[in-house]
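Chemist: So that you have it, the file is coords.txt, and it contains compact mmCIF, C-alpha atoms:
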```txt
# COMPACT_ATOMS: atom_id res chain seq x y z
CA MET A 11 -153.54 -108.21 -148.90
CA LYS A 12 -156.45 -108.92 -151.25
CA PRO A 13 -159.86 -107.33 -150.57
CA LEU A 14 -161.18 -108.66 -147.26
CA ALA A 15 -164.45 -109.83 -148.79
CA ASP A 16 -162.49 -112.23 -150.99
CA TYR A 17 -161.17 -114.23 -148.05
CA GLU A 18 -162.90 -117.53 -147.44
CA SER A 19 -163.12 -116.85 -143.70
CA VAL A 20 -164.86 -113.52 -144.36
CA GLN A 21 -167.34 -115.21 -146.65
CA THR A 22 -167.95 -117.84 -143.95
CA TRP A 23 -168.50 -115.04 -141.44
CA PHE A 24 -170.98 -113.27 -143.68
CA ARG A 25 -172.86 -116.49 -144.36
CA GLY A 26 -173.05 -117.16 -140.61
CA LEU A 27 -174.29 -113.65 -139.89
CA THR A 28 -176.98 -113.99 -142.53
CA GLU A 29 -178.11 -117.54 -141.94
CA GLN A 30 -177.56 -118.07 -138.22
CA SER A 31 -177.86 -114.61 -136.75
CA GLY A 32 -180.31 -113.02 -139.19
CA VAL A 33 -178.02 -110.04 -139.67
CA ASP A 34 -177.30 -108.38 -143.01
CA PRO A 35 -173.49 -108.17 -142.99
CA LEU A 36 -173.40 -105.56 -145.72
CA ALA A 37 -175.71 -103.16 -143.93
CA ASP A 38 -172.87 -101.97 -141.74
CA PRO A 39 -169.55 -101.39 -143.56
CA SER A 40 -167.78 -100.74 -140.27
CA ARG A 41 -167.62 -104.51 -139.71
CA LEU A 42 -165.03 -104.92 -142.41
CA GLU A 43 -163.24 -101.75 -141.39
CA LEU A 44 -162.83 -103.07 -137.84
CA LEU A 45 -161.65 -106.43 -139.12
CA ALA A 46 -159.10 -104.69 -141.33
CA GLU A 47 -157.90 -102.64 -138.36
CA PHE A 48 -157.51 -105.77 -136.23
CA CYS A 49 -155.72 -107.64 -139.01
CA SER A 50 -153.31 -104.77 -139.22
CA LEU A 51 -152.76 -104.80 -135.44
CA VAL A 52 -151.88 -108.50 -135.32
CA GLU A 53 -150.27 -108.55 -138.78
CA LEU A 54 -152.36 -111.45 -140.02
CA ASP A 55 -154.92 -111.75 -142.79
CA PRO A 56 -158.43 -113.00 -141.93
CA ASP A 57 -157.75 -116.62 -142.86
CA GLN A 58 -154.58 -116.54 -140.75
CA LEU A 59 -156.55 -115.16 -137.80
CA VAL A 60 -158.63 -118.34 -137.83
CA THR A 61 -155.66 -120.61 -138.35
CA ALA A 62 -153.86 -118.98 -135.42
CA CYS A 63 -156.59 -120.31 -133.14
CA LEU A 64 -156.31 -123.88 -134.40
CA LEU A 65 -154.06 -126.80 -133.72
CA GLN A 66 -153.53 -128.72 -136.94
CA LYS A 67 -151.50 -131.91 -136.96
CA GLU A 68 -151.17 -134.18 -139.94
CA GLY A 69 -153.32 -137.29 -139.61
CA ALA A 70 -155.25 -135.88 -136.64
CA GLU A 71 -158.50 -133.99 -136.28
CA THR A 72 -158.11 -130.21 -136.18
CA LYS A 73 -158.57 -128.85 -132.67
CA ILE A 74 -159.01 -125.42 -131.21
CA SER A 75 -155.69 -124.38 -129.71
CA ILE A 76 -156.16 -123.33 -126.10
CA LYS A 77 -153.06 -121.17 -126.16
CA GLY A 78 -153.85 -119.76 -129.60
CA ARG A 79 -157.38 -118.86 -128.62
CA ARG A 80 -156.23 -117.30 -125.36
CA ARG A 81 -153.65 -115.19 -127.19
CA MET A 82 -156.31 -114.10 -129.67
CA ALA A 83 -158.80 -113.31 -126.88
CA ASP A 84 -156.16 -111.14 -125.21
CA LYS A 85 -155.43 -109.35 -128.49
CA ILE A 86 -159.14 -108.72 -129.00
CA ALA A 87 -159.43 -107.31 -125.48
CA GLU A 88 -156.46 -105.05 -126.24
CA PHE A 89 -158.05 -104.00 -129.54
CA GLN A 90 -161.33 -103.30 -127.78
CA ALA A 91 -159.72 -101.14 -125.13
CA SER A 92 -157.48 -99.28 -127.57
CA ASP A 93 -160.07 -96.75 -128.74
CA VAL A 94 -160.01 -94.61 -125.64
CA SER A 95 -162.19 -91.94 -127.20
CA ALA A 96 -165.09 -94.36 -127.69
CA GLY A 97 -167.82 -95.06 -125.15
CA SER A 98 -168.02 -98.47 -123.51
CA ARG A 99 -170.70 -99.68 -125.91
CA ASP A 100 -168.66 -98.73 -128.96
CA ARG A 101 -165.56 -100.31 -127.47
CA ALA A 102 -167.54 -103.51 -126.84
CA ARG A 103 -168.65 -103.41 -130.45
CA ARG A 104 -165.04 -103.32 -131.62
CA GLY A 105 -164.18 -106.47 -129.72
CA ASN A 106 -167.45 -108.23 -130.49
CA THR A 107 -167.03 -107.67 -134.22
CA ILE A 108 -163.80 -109.65 -134.16
CA ARG A 109 -165.28 -112.26 -131.82
CA SER A 110 -168.21 -112.64 -134.20
CA PHE A 111 -165.81 -113.18 -137.09
CA LEU A 112 -163.99 -115.95 -135.23
CA ILE A 113 -167.15 -117.53 -133.79
CA HIS A 114 -168.71 -117.92 -137.24
CA ASN A 115 -165.45 -119.52 -138.32
CA GLY A 116 -165.84 -122.18 -135.64
CA ILE A 117 -163.69 -120.67 -132.90
CA LEU A 118 -165.68 -120.68 -129.70
CA LEU A 119 -164.99 -117.48 -127.80
CA GLN A 120 -166.85 -116.17 -124.79
CA SER A 121 -165.95 -112.78 -123.51
CA GLY A 122 -168.70 -112.33 -120.96
CA ILE A 123 -170.94 -109.31 -120.65
CA GLN A 124 -169.42 -106.33 -122.45
CA ALA A 125 -172.20 -103.77 -122.10
CA MET B 24 -198.23 -124.71 -113.16
CA GLU B 25 -200.01 -127.87 -114.25
CA TYR B 26 -197.52 -130.72 -114.34
CA LYS B 27 -197.61 -131.58 -118.03
CA GLU B 28 -197.35 -127.92 -118.96
CA LEU B 29 -194.40 -127.60 -116.58
CA ILE B 30 -192.57 -130.41 -118.36
CA GLY B 31 -193.38 -128.83 -121.71
CA SER B 32 -192.34 -125.35 -120.61
CA ARG B 33 -188.87 -126.20 -119.33
CA ARG B 34 -186.08 -124.95 -121.54
CA SER B 35 -182.36 -124.71 -121.12
CA ILE B 36 -182.17 -120.99 -120.42
CA ARG B 37 -178.90 -119.37 -121.49
CA PHE B 38 -179.71 -115.71 -120.88
CA PHE B 39 -180.41 -114.81 -117.27
CA GLN B 40 -181.31 -111.49 -115.67
CA SER B 41 -177.84 -111.23 -114.22
CA TRP B 42 -178.81 -108.28 -112.05
CA ARG B 43 -181.76 -109.98 -110.34
CA PRO B 44 -180.92 -112.20 -107.37
CA VAL B 45 -182.78 -115.45 -106.81
CA GLU B 46 -184.59 -115.68 -103.50
CA ARG B 47 -182.92 -118.17 -101.15
CA GLU B 48 -186.26 -119.86 -100.49
CA LYS B 49 -186.60 -120.71 -104.18
CA VAL B 50 -183.23 -122.42 -104.07
CA GLN B 51 -184.40 -124.36 -101.02
CA ILE B 52 -187.54 -125.43 -102.90
CA MET B 53 -185.35 -126.78 -105.71
CA LEU B 54 -183.16 -128.67 -103.25
CA GLU B 55 -186.16 -130.06 -101.38
CA ALA B 56 -187.59 -131.29 -104.69
CA ALA B 57 -184.31 -133.07 -105.35
CA ARG B 58 -184.15 -134.49 -101.83
CA ILE B 59 -187.44 -136.36 -102.08
CA ALA B 60 -186.72 -137.86 -105.51
CA SER B 61 -186.87 -141.57 -106.17
CA CYS B 62 -183.60 -143.29 -105.30
CA ALA B 63 -182.41 -146.86 -105.33
CA VAL B 64 -182.08 -148.61 -101.96
CA ASN B 65 -182.99 -145.34 -100.28
CA ALA B 66 -179.46 -144.10 -100.91
CA SER B 67 -179.61 -140.45 -101.87
CA PHE B 68 -176.71 -140.13 -104.30
CA LEU B 69 -177.07 -136.48 -105.21
CA ARG B 70 -174.93 -134.01 -103.36
CA ALA B 71 -174.87 -130.34 -104.25
CA ILE B 72 -173.03 -127.20 -103.33
CA VAL B 73 -174.99 -124.01 -103.89
CA VAL B 74 -172.99 -120.99 -104.93
CA PHE B 75 -174.56 -117.55 -105.01
CA ARG B 76 -172.54 -115.88 -107.74
CA ASP B 77 -172.48 -112.48 -106.06
CA ASP B 78 -170.85 -113.98 -102.95
CA LEU B 79 -167.79 -114.83 -105.08
CA ASP B 80 -164.98 -112.43 -105.78
CA ARG B 81 -164.14 -111.74 -109.41
CA ALA B 82 -161.05 -113.95 -109.52
CA THR B 83 -162.93 -116.93 -108.10
CA LEU B 84 -165.82 -116.47 -110.52
CA ASP B 85 -163.40 -116.29 -113.43
CA ALA B 86 -161.71 -119.48 -112.25
CA LEU B 87 -165.03 -121.34 -112.45
CA LYS B 88 -165.63 -120.45 -116.10
CA THR B 89 -165.08 -122.85 -118.97
CA PRO B 90 -164.78 -121.89 -122.63
CA VAL B 91 -168.27 -123.23 -123.30
CA SER B 92 -170.12 -122.21 -120.15
CA GLY B 93 -168.26 -119.06 -119.13
CA LEU B 94 -171.03 -116.72 -120.14
CA ASN B 95 -173.75 -118.80 -118.48
CA ILE B 96 -171.69 -118.88 -115.27
CA GLU B 97 -171.42 -115.10 -115.39
CA LEU B 98 -175.08 -114.49 -116.14
CA ALA B 99 -176.66 -116.97 -113.71
CA PRO B 100 -176.97 -115.67 -110.14
CA VAL B 101 -177.19 -119.19 -108.69
CA HIS B 102 -174.94 -122.16 -109.45
CA ILE B 103 -175.80 -125.53 -107.98
CA TYR B 104 -172.77 -127.77 -108.42
CA CYS B 105 -174.03 -131.35 -108.54
CA PHE B 106 -172.09 -134.43 -107.54
CA ALA B 107 -172.87 -138.09 -107.01
CA ASP B 108 -171.73 -139.42 -103.67
CA MET B 109 -170.07 -142.68 -104.61
CA GLY B 110 -170.07 -143.65 -100.95
CA ALA B 111 -173.85 -143.44 -100.64
CA TYR B 112 -174.25 -147.22 -100.50
CA LYS B 113 -172.62 -147.09 -97.06
CA GLY B 114 -175.45 -147.09 -94.55
CA ALA B 115 -177.91 -148.46 -97.10
CA GLN B 116 -178.57 -151.46 -94.86
CA ALA B 117 -180.11 -149.29 -92.15
CA ARG B 118 -181.92 -147.10 -94.65
CA LEU B 119 -183.47 -150.11 -96.38
CA LYS B 120 -184.73 -151.41 -93.06
CA GLN B 121 -186.20 -147.97 -92.46
CA LEU B 122 -188.22 -148.47 -95.64
CA VAL B 123 -189.44 -151.79 -94.23
CA ASP B 124 -190.39 -150.06 -90.99
CA VAL B 125 -192.42 -147.33 -92.69
CA GLY B 126 -194.30 -149.80 -94.89
CA ALA B 127 -192.65 -148.91 -98.19
CA LEU B 128 -191.02 -152.34 -98.55
CA ASN B 129 -193.40 -155.05 -97.42
CA ALA B 130 -193.69 -158.77 -96.93
CA THR B 131 -196.06 -158.75 -99.92
CA HIS B 132 -192.95 -158.23 -102.04
CA GLY B 133 -190.68 -160.47 -99.97
CA TRP B 134 -189.05 -157.79 -97.82
CA SER B 135 -188.06 -158.20 -94.17
CA HIS B 136 -185.28 -157.00 -91.86
CA LYS B 137 -183.77 -160.48 -92.03
CA PHE B 138 -183.73 -160.41 -95.85
CA VAL B 139 -181.94 -157.05 -95.79
CA ASP B 140 -179.43 -158.12 -93.12
CA GLU B 141 -178.66 -161.60 -94.39
CA PHE B 142 -179.02 -161.31 -98.16
CA VAL B 143 -179.33 -157.83 -99.64
CA TRP B 144 -176.62 -156.16 -97.60
CA PRO B 145 -173.87 -158.83 -97.61
CA ASN B 146 -174.47 -160.11 -101.15
CA ILE B 147 -175.43 -157.00 -103.10
CA LEU B 148 -174.96 -153.71 -101.33
CA LYS B 149 -171.79 -154.29 -99.32
CA PRO B 150 -169.84 -155.37 -102.44
CA LEU B 151 -171.08 -152.20 -104.16
CA ALA B 152 -170.18 -150.10 -101.12
CA ASP B 153 -166.73 -151.69 -101.11
CA ASN B 154 -166.27 -150.95 -104.84
CA ALA B 155 -167.54 -147.42 -104.90
CA GLY B 156 -165.35 -146.55 -107.86
CA SER B 157 -166.80 -149.21 -110.15
CA ALA B 158 -168.64 -148.43 -113.37
CA GLN B 159 -171.73 -150.15 -111.99
CA VAL B 160 -171.88 -147.84 -108.97
CA ALA B 161 -171.11 -144.80 -111.13
CA ALA B 162 -173.98 -145.63 -113.49
CA ALA B 163 -176.43 -146.18 -110.63
CA ALA B 164 -175.28 -143.04 -108.85
CA ALA B 165 -175.45 -140.88 -111.97
CA CYS B 166 -178.91 -142.20 -112.82
CA ASP B 167 -180.32 -141.50 -109.37
CA ALA B 168 -178.65 -138.12 -109.15
CA GLY B 169 -180.10 -137.28 -112.58
CA VAL B 170 -183.61 -138.03 -111.38
CA ALA B 171 -183.09 -135.74 -108.40
CA ILE B 172 -181.58 -132.97 -110.54
CA CYS B 173 -184.55 -133.18 -112.89
CA GLN B 174 -186.96 -132.63 -110.00
CA ALA B 175 -184.92 -129.62 -108.89
CA MET B 176 -185.02 -128.21 -112.41
CA LEU B 177 -188.76 -128.59 -112.72
CA ALA B 178 -189.33 -127.10 -109.26
CA GLY B 179 -187.23 -124.13 -110.34
CA VAL B 180 -189.27 -123.63 -113.49
CA ASP B 181 -192.44 -123.86 -111.40
CA GLU B 182 -191.04 -121.03 -109.26
CA GLY B 183 -190.66 -118.85 -112.34
CA LEU B 184 -186.93 -119.41 -112.72
CA GLY B 185 -184.92 -120.34 -115.76
CA VAL B 186 -182.61 -123.31 -115.39
CA CYS B 187 -179.81 -124.82 -117.42
CA LEU B 188 -177.67 -127.87 -116.81
CA SER B 189 -174.12 -127.29 -117.86
CA ALA B 190 -170.85 -129.19 -117.75
CA PHE B 191 -168.07 -127.87 -115.57
CA VAL B 192 -164.34 -128.36 -115.35
CA TYR B 193 -163.62 -130.13 -112.08
CA GLU B 194 -160.20 -128.84 -111.07
CA PRO B 195 -161.03 -125.16 -110.48
CA ILE B 196 -164.28 -126.21 -108.83
CA ARG B 197 -162.41 -128.55 -106.51
CA LYS B 198 -160.08 -125.78 -105.46
CA VAL B 199 -162.92 -123.39 -104.71
CA LEU B 200 -165.58 -125.70 -103.29
CA ASP B 201 -163.44 -128.44 -101.72
CA PRO B 202 -165.89 -131.33 -102.19
CA PRO B 203 -165.08 -134.72 -100.60
CA LYS B 204 -162.94 -137.01 -102.74
CA GLU B 205 -165.68 -139.64 -103.11
CA TRP B 206 -168.03 -137.17 -104.78
CA MET B 207 -168.13 -137.70 -108.53
CA PRO B 208 -168.60 -134.41 -110.42
CA LEU B 209 -171.72 -134.30 -112.60
CA PHE B 210 -173.10 -130.98 -113.81
CA VAL B 211 -173.79 -127.49 -112.61
CA LEU B 212 -177.44 -126.50 -112.48
CA LEU B 213 -177.63 -122.80 -113.23
CA ALA B 214 -180.66 -120.86 -112.09
CA GLY B 215 -181.91 -117.33 -112.39
CA TYR B 216 -184.74 -115.28 -113.78
CA PRO B 217 -184.77 -115.64 -117.57
CA ALA B 218 -183.72 -112.64 -119.62
CA GLU B 219 -184.99 -114.41 -122.72
CA SER B 220 -188.68 -115.21 -123.04
CA PRO B 221 -189.65 -118.37 -121.16
CA GLU B 222 -190.37 -120.08 -124.51
CA ALA B 223 -186.71 -119.41 -125.39
CA GLY B 224 -187.51 -119.61 -129.06
CA GLY B 225 -189.77 -122.64 -128.88
CA GLN B 226 -189.67 -126.31 -127.92
CA ARG B 227 -186.44 -127.97 -128.95
CA PRO B 228 -186.35 -130.65 -131.64
CA ARG B 229 -186.25 -134.19 -130.28
CA PRO B 230 -186.29 -137.54 -132.07
CA PRO B 231 -189.72 -139.11 -132.51
CA LEU B 232 -191.02 -141.53 -129.88
CA GLU B 233 -190.68 -144.52 -132.19
CA GLN B 234 -187.00 -143.89 -132.70
CA LEU B 235 -186.19 -143.93 -129.00
CA TYR B 236 -188.55 -146.42 -127.38
CA PHE B 237 -189.59 -149.97 -128.17
CA GLU B 238 -192.32 -152.40 -127.26
CA GLY B 239 -191.72 -156.04 -126.47
CA LYS B 240 -188.26 -156.15 -127.90
CA TYR B 241 -185.69 -153.92 -129.52
CA GLY B 242 -186.59 -153.02 -133.07
CA ASN B 243 -190.33 -152.96 -132.48
CA PRO B 244 -191.07 -149.24 -132.06
CA PHE B 245 -193.48 -148.08 -129.37
CA LYS B 246 -196.04 -146.43 -131.63
CA ALA B 247 -197.44 -143.07 -130.66
CA ASP B 248 -201.24 -142.78 -130.60
CA PRO B 249 -202.14 -139.51 -132.38
CA LYS B 250 -205.03 -138.96 -129.95
CA VAL B 251 -202.59 -138.96 -127.03
CA THR B 252 -200.29 -136.66 -128.93
CA GLU B 253 -203.22 -134.27 -129.39
CA GLN B 254 -204.08 -134.46 -125.67
CA LEU B 255 -200.52 -133.56 -124.77
CA ARG B 256 -200.66 -130.63 -127.14
CA ALA B 257 -203.89 -129.45 -125.47
CA LYS B 258 -202.23 -129.80 -122.04
CA LYS B 259 -199.25 -127.77 -123.31
CA MET B 260 -196.72 -130.52 -122.81
CA PHE B 261 -196.15 -130.20 -126.52
CA GLN B 262 -195.65 -126.58 -127.45
CA ALA B 263 -194.82 -124.58 -130.55
CA PRO B 264 -191.56 -125.94 -131.96
CA ALA B 265 -188.37 -123.94 -132.27
CA PRO B 266 -187.54 -121.71 -133.94
CA LEU B 267 -190.40 -119.33 -133.25
CA PRO B 268 -190.52 -116.66 -135.98
CA TRP B 269 -189.12 -113.93 -133.78
CA ARG B 270 -186.22 -115.91 -132.28
CA LYS B 271 -183.43 -114.34 -134.29
CA GLU B 272 -184.68 -110.86 -133.43
CA GLU B 273 -184.83 -111.87 -129.78
CA ILE B 274 -181.23 -113.09 -129.83
CA LYS B 275 -180.13 -109.90 -131.57
CA ALA B 276 -181.83 -107.83 -128.88
CA LEU B 277 -180.25 -109.90 -126.11
CA ALA B 278 -176.84 -109.59 -127.75
CA ARG B 279 -177.23 -105.82 -127.83
CA MET B 280 -178.45 -105.68 -124.24
CA PHE B 281 -175.57 -107.74 -122.83
CA GLY B 282 -172.93 -106.55 -125.30
CA LEU B 283 -172.39 -109.96 -126.87
CA PRO B 284 -171.22 -110.88 -130.37
CA GLU B 285 -173.79 -111.51 -133.09
```
Could you write out this file's structure as structure tokens?
Modeler:
Amino acid sequence: MKPLADYESVQTWFRGLTEQSGVDPLADPSRLELLAEFCSLVELDPDQLVTACLLQKEGAETKISIKGRRRMADKIAEFQASDVSAGSRDRARRGNTIRSFLIHNGILLQSGIQA
Amino acid sequence: MEYKELIGSRRSIRFFQSWRPVEREKVQIMLEAARIASCAVNASFLRAIVVFRDDLDRATLDALKTPVSGLNIELAPVHIYCFADMGAYKGAQARLKQLVDVGALNATHGWSHKFVDEFVWPNILKPLADNAGSAQVAAAAACDAGVAICQAMLAGVDEGLGVCLSAFVYEPIRKVLDPPKEWMPLFVLLAGYPAESPEAGGQRPRPPLEQLYFEGKYGNPFKADPKVTEQLRAKKMFQAPAPLPWRKEEIKALARMFGLPE
């Protein structure tokens, strides 16, 4: 896998964090570390994570796949819960980092209150 | 709150103090405001089912969520599911005559019991009542229900609440709330105490007056008088536009507080 920062979806995420959320994505290197950990868990690269949530048919508009998004949401919940040594806030941060990545790539995800 | 300021202060609130219940009397005030709204032929189209979120079990609450409004549903302590009663034209004959009796519809404007019984009801309202599923009835019903919902929203804001109209997916709602078949689903009006500042980042962008409204005929914009615009600013109907400089920081703080993604 090439460096995560070279993936288009990661660049989109960082742009979104900067421009929409007012967050400096480089200030916290753990963002990319968590994304790398999640990619490893699901055996997909960042661009594939996004694609896995989409329904793309030739000649038709791209849609968000309900099943794909649900599967991804379940995987994120699993990823979030997997660090049993972490407190609830840190666990929420694990899941929300991946949700943030997908959200800024156009995949609407709502997980509810995680605090 | 002064009326123009109330209109200017309303925002679609998306962060509620999820832990703070809304007093039942405030919900009643919202419903009463809706009940007395203007409505065609005295047929109150709006129907609503109030759901206090904390009365629901977890599985039921989860069933009500949609991908877009799931978080709002979870955060808002009060959900007012709004419907238009497509059968509301039934009984309009008697209700119209009631308006004649109380002096709302008068001979000055051509109204009488006989006019209602022999013309309005058989020629206009009965055909509508008999075709409750028609687009014409749906448009009238949605319009009237919208007016009533708006009054409920503003009453809620006047009571210090945050409000937000949101779409909902009908099927899970039908299973949980069991509304009559002739009720057309509209929106859910969410209410609760705002967790974001009441300004919610500032007044939302809207198209200019001239782009939306016309004078005399289509294409001739209704021109805004700058003096009136200034008056409305002084009365706080026009407020500081979004985004206020601190909005992103506010959202970041809210995200941290609720454990939401940035």
Chemist: Once you count all atoms listed in the file, which residues of chain B turn out to be within 6 Å of chain A? Could you give them as a ChimeraX atom specification?
Modeler: /B:94,271,281-282,284-285
Chemist: Calculate how many Å separate CA of Cys63 (chain A) from CA of Phe48 (chain A), rounding to one decimal.
Modeler: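 So the two atoms, CA of Cys63 (chain A) and CA of Phe48 (chain A), lie 14.9 Å apart.
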Chemist: For CA of Ala155 (chain B) and CA of Ala63 (chain B), quote the distance in Å rounded to one decimal.
Modeler: 14.9 Å
Chemist: What box, with edges along x, y and z, holds each listed atom of region 267-272 of chain B when 5 Å is added on every side, and can you state its centre and edge lengths in Å to one decimal, as JSON?
Modeler:
```
{"center_x": -187.0, "center_y": -115.1, "center_z": -134.1, "size_x": 17.1, "size_y": 18.5, "size_z": 13.7}
```
Chemist: Need the shell around region 191-197 of chain B: protein/DNA/RNA residues with any atom at most 8 Å away, counting all atoms listed in the file. Skip same-chain ones fewer than 3 positions apart. Format as a list in words?
Modeler: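 Close residues of region 191-197 of chain B: Ala86, Leu87, Lys88, Thr89, Ser92, Leu200, Asp201, Pro202, Pro208, Leu209, Phe210 and Val211 of chain B.
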Chemist: Rounded to one decimal place, report the CA of Thr83 (chain B)-CA of Leu213 (chain B) distance in Å.
Modeler: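 Here the two named atoms are 16.6 Å from each other.
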Chemist: Name all residues at most 12 Å from Arg70 (chain B) (count only C-alpha atoms; drop same-chain ones fewer than 6 positions away) and give them as a PyMOL selection string.
Modeler: chain B and resi 54+57-58+103-111+164-165+167-169+171-172+202-203+205-211
Chemist: Restricting the calculation to all atoms listed in the file, which member of B:Phe245, B:Tyr112, B:Tyr26, B:Phe138 is positioned closest to Ala161 (chain B)?
Modeler: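 Nearest to Ala161 (chain B): B:Tyr112.
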Chemist: So, with all atoms listed in the file as the atoms that count, which of A:Met11, A:Leu42, A:Phe89, A:Ile117 lies closest to Ser75 (chain A)?
Modeler: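 Under the stated criterion, the closest residue is A:Ile117.
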Chemist: Can you pull out every residue within 12 Å of Arg229 (chain B), counting all atoms listed in the file, but drop anything in the same chain fewer than 3 positions away, and send it as a list of chain:residue names?
Modeler: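 Here the answer would be B:Gln226, B:Leu232, B:Glu233, B:Gln234, B:Leu235, B:Phe261, B:Pro264, B:Ala265.
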Chemist: Quick one: residues within 9 Å of Pro35 (chain A), only C-alpha atoms counted, chain neighbours fewer than 3 positions away excluded, as an mmCIF file with C-alpha atoms, keeping the file's coordinate frame?
Modeler:
```cif
data_model
loop_
_atom_site.group_PDB
_atom_site.id
_atom_site.type_symbol
_atom_site.label_atom_id
_atom_site.label_comp_id
_atom_site.auth_asym_id
_atom_site.auth_seq_id
_atom_site.Cartn_x
_atom_site.Cartn_y
_atom_site.Cartn_z
ATOM 1 C CA TRP A 23 -168.500 -115.040 -141.440
ATOM 2 C CA PHE A 24 -170.980 -113.270 -143.680
ATOM 3 C CA ARG A 25 -172.860 -116.490 -144.360
ATOM 4 C CA LEU A 27 -174.290 -113.650 -139.890
ATOM 5 C CA THR A 28 -176.980 -113.990 -142.530
ATOM 6 C CA ASP A 38 -172.870 -101.970 -141.740
ATOM 7 C CA PRO A 39 -169.550 -101.390 -143.560
ATOM 8 C CA ARG A 41 -167.620 -104.510 -139.710
#
```
Chemist: Find the residues near Cys187 (chain B): any atom within 10 Å, counting all atoms listed in the file, skip ones fewer than 3 places away on the same chain, and give them as an mmCIF file with C-alpha atoms, keeping the file's coordinate frame.
Modeler:
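Here's the written file result.cif:
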```cif
data_model
loop_
_atom_site.group_PDB
_atom_site.id
_atom_site.type_symbol
_atom_site.label_atom_id
_atom_site.label_comp_id
_atom_site.auth_asym_id
_atom_site.auth_seq_id
_atom_site.Cartn_x
_atom_site.Cartn_y
_atom_site.Cartn_z
ATOM 1 C CA ARG B 33 -188.870 -126.200 -119.330
ATOM 2 C CA ARG B 34 -186.080 -124.950 -121.540
ATOM 3 C CA SER B 35 -182.360 -124.710 -121.120
ATOM 4 C CA ILE B 36 -182.170 -120.990 -120.420
ATOM 5 C CA ARG B 37 -178.900 -119.370 -121.490
ATOM 6 C CA PHE B 38 -179.710 -115.710 -120.880
ATOM 7 C CA ASN B 95 -173.750 -118.800 -118.480
ATOM 8 C CA ALA B 99 -176.660 -116.970 -113.710
ATOM 9 C CA HIS B 102 -174.940 -122.160 -109.450
ATOM 10 C CA MET B 176 -185.020 -128.210 -112.410
ATOM 11 C CA ALA B 190 -170.850 -129.190 -117.750
ATOM 12 C CA PHE B 210 -173.100 -130.980 -113.810
ATOM 13 C CA VAL B 211 -173.790 -127.490 -112.610
ATOM 14 C CA LEU B 212 -177.440 -126.500 -112.480
ATOM 15 C CA LEU B 213 -177.630 -122.800 -113.230
ATOM 16 C CA ALA B 214 -180.660 -120.860 -112.090
ATOM 17 C CA GLY B 215 -181.910 -117.330 -112.390
#
```
Chemist: So, counting all atoms listed in the file, which residue among A:Leu112, A:Leu45, A:Ala96, A:Ala91 is closest to Pro13 (chain A)?
Modeler: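 Result for the nearest residue to Pro13 (chain A): A:Leu45.
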Chemist: Could you tell me which of B:Arg270, B:Lys137, B:Arg279, B:Lys113 comes closest to Asn154 (chain B) if we count only C-alpha atoms?
Modeler: B:Lys113
Chemist: Using only C-alpha atoms, pick whichever of B:Glu222, B:Asp77, B:Asp85, B:Glu272 has the shortest atom-to-atom distance to Ser32 (chain B).
Modeler: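 Result for the nearest residue to Ser32 (chain B): B:Glu222.
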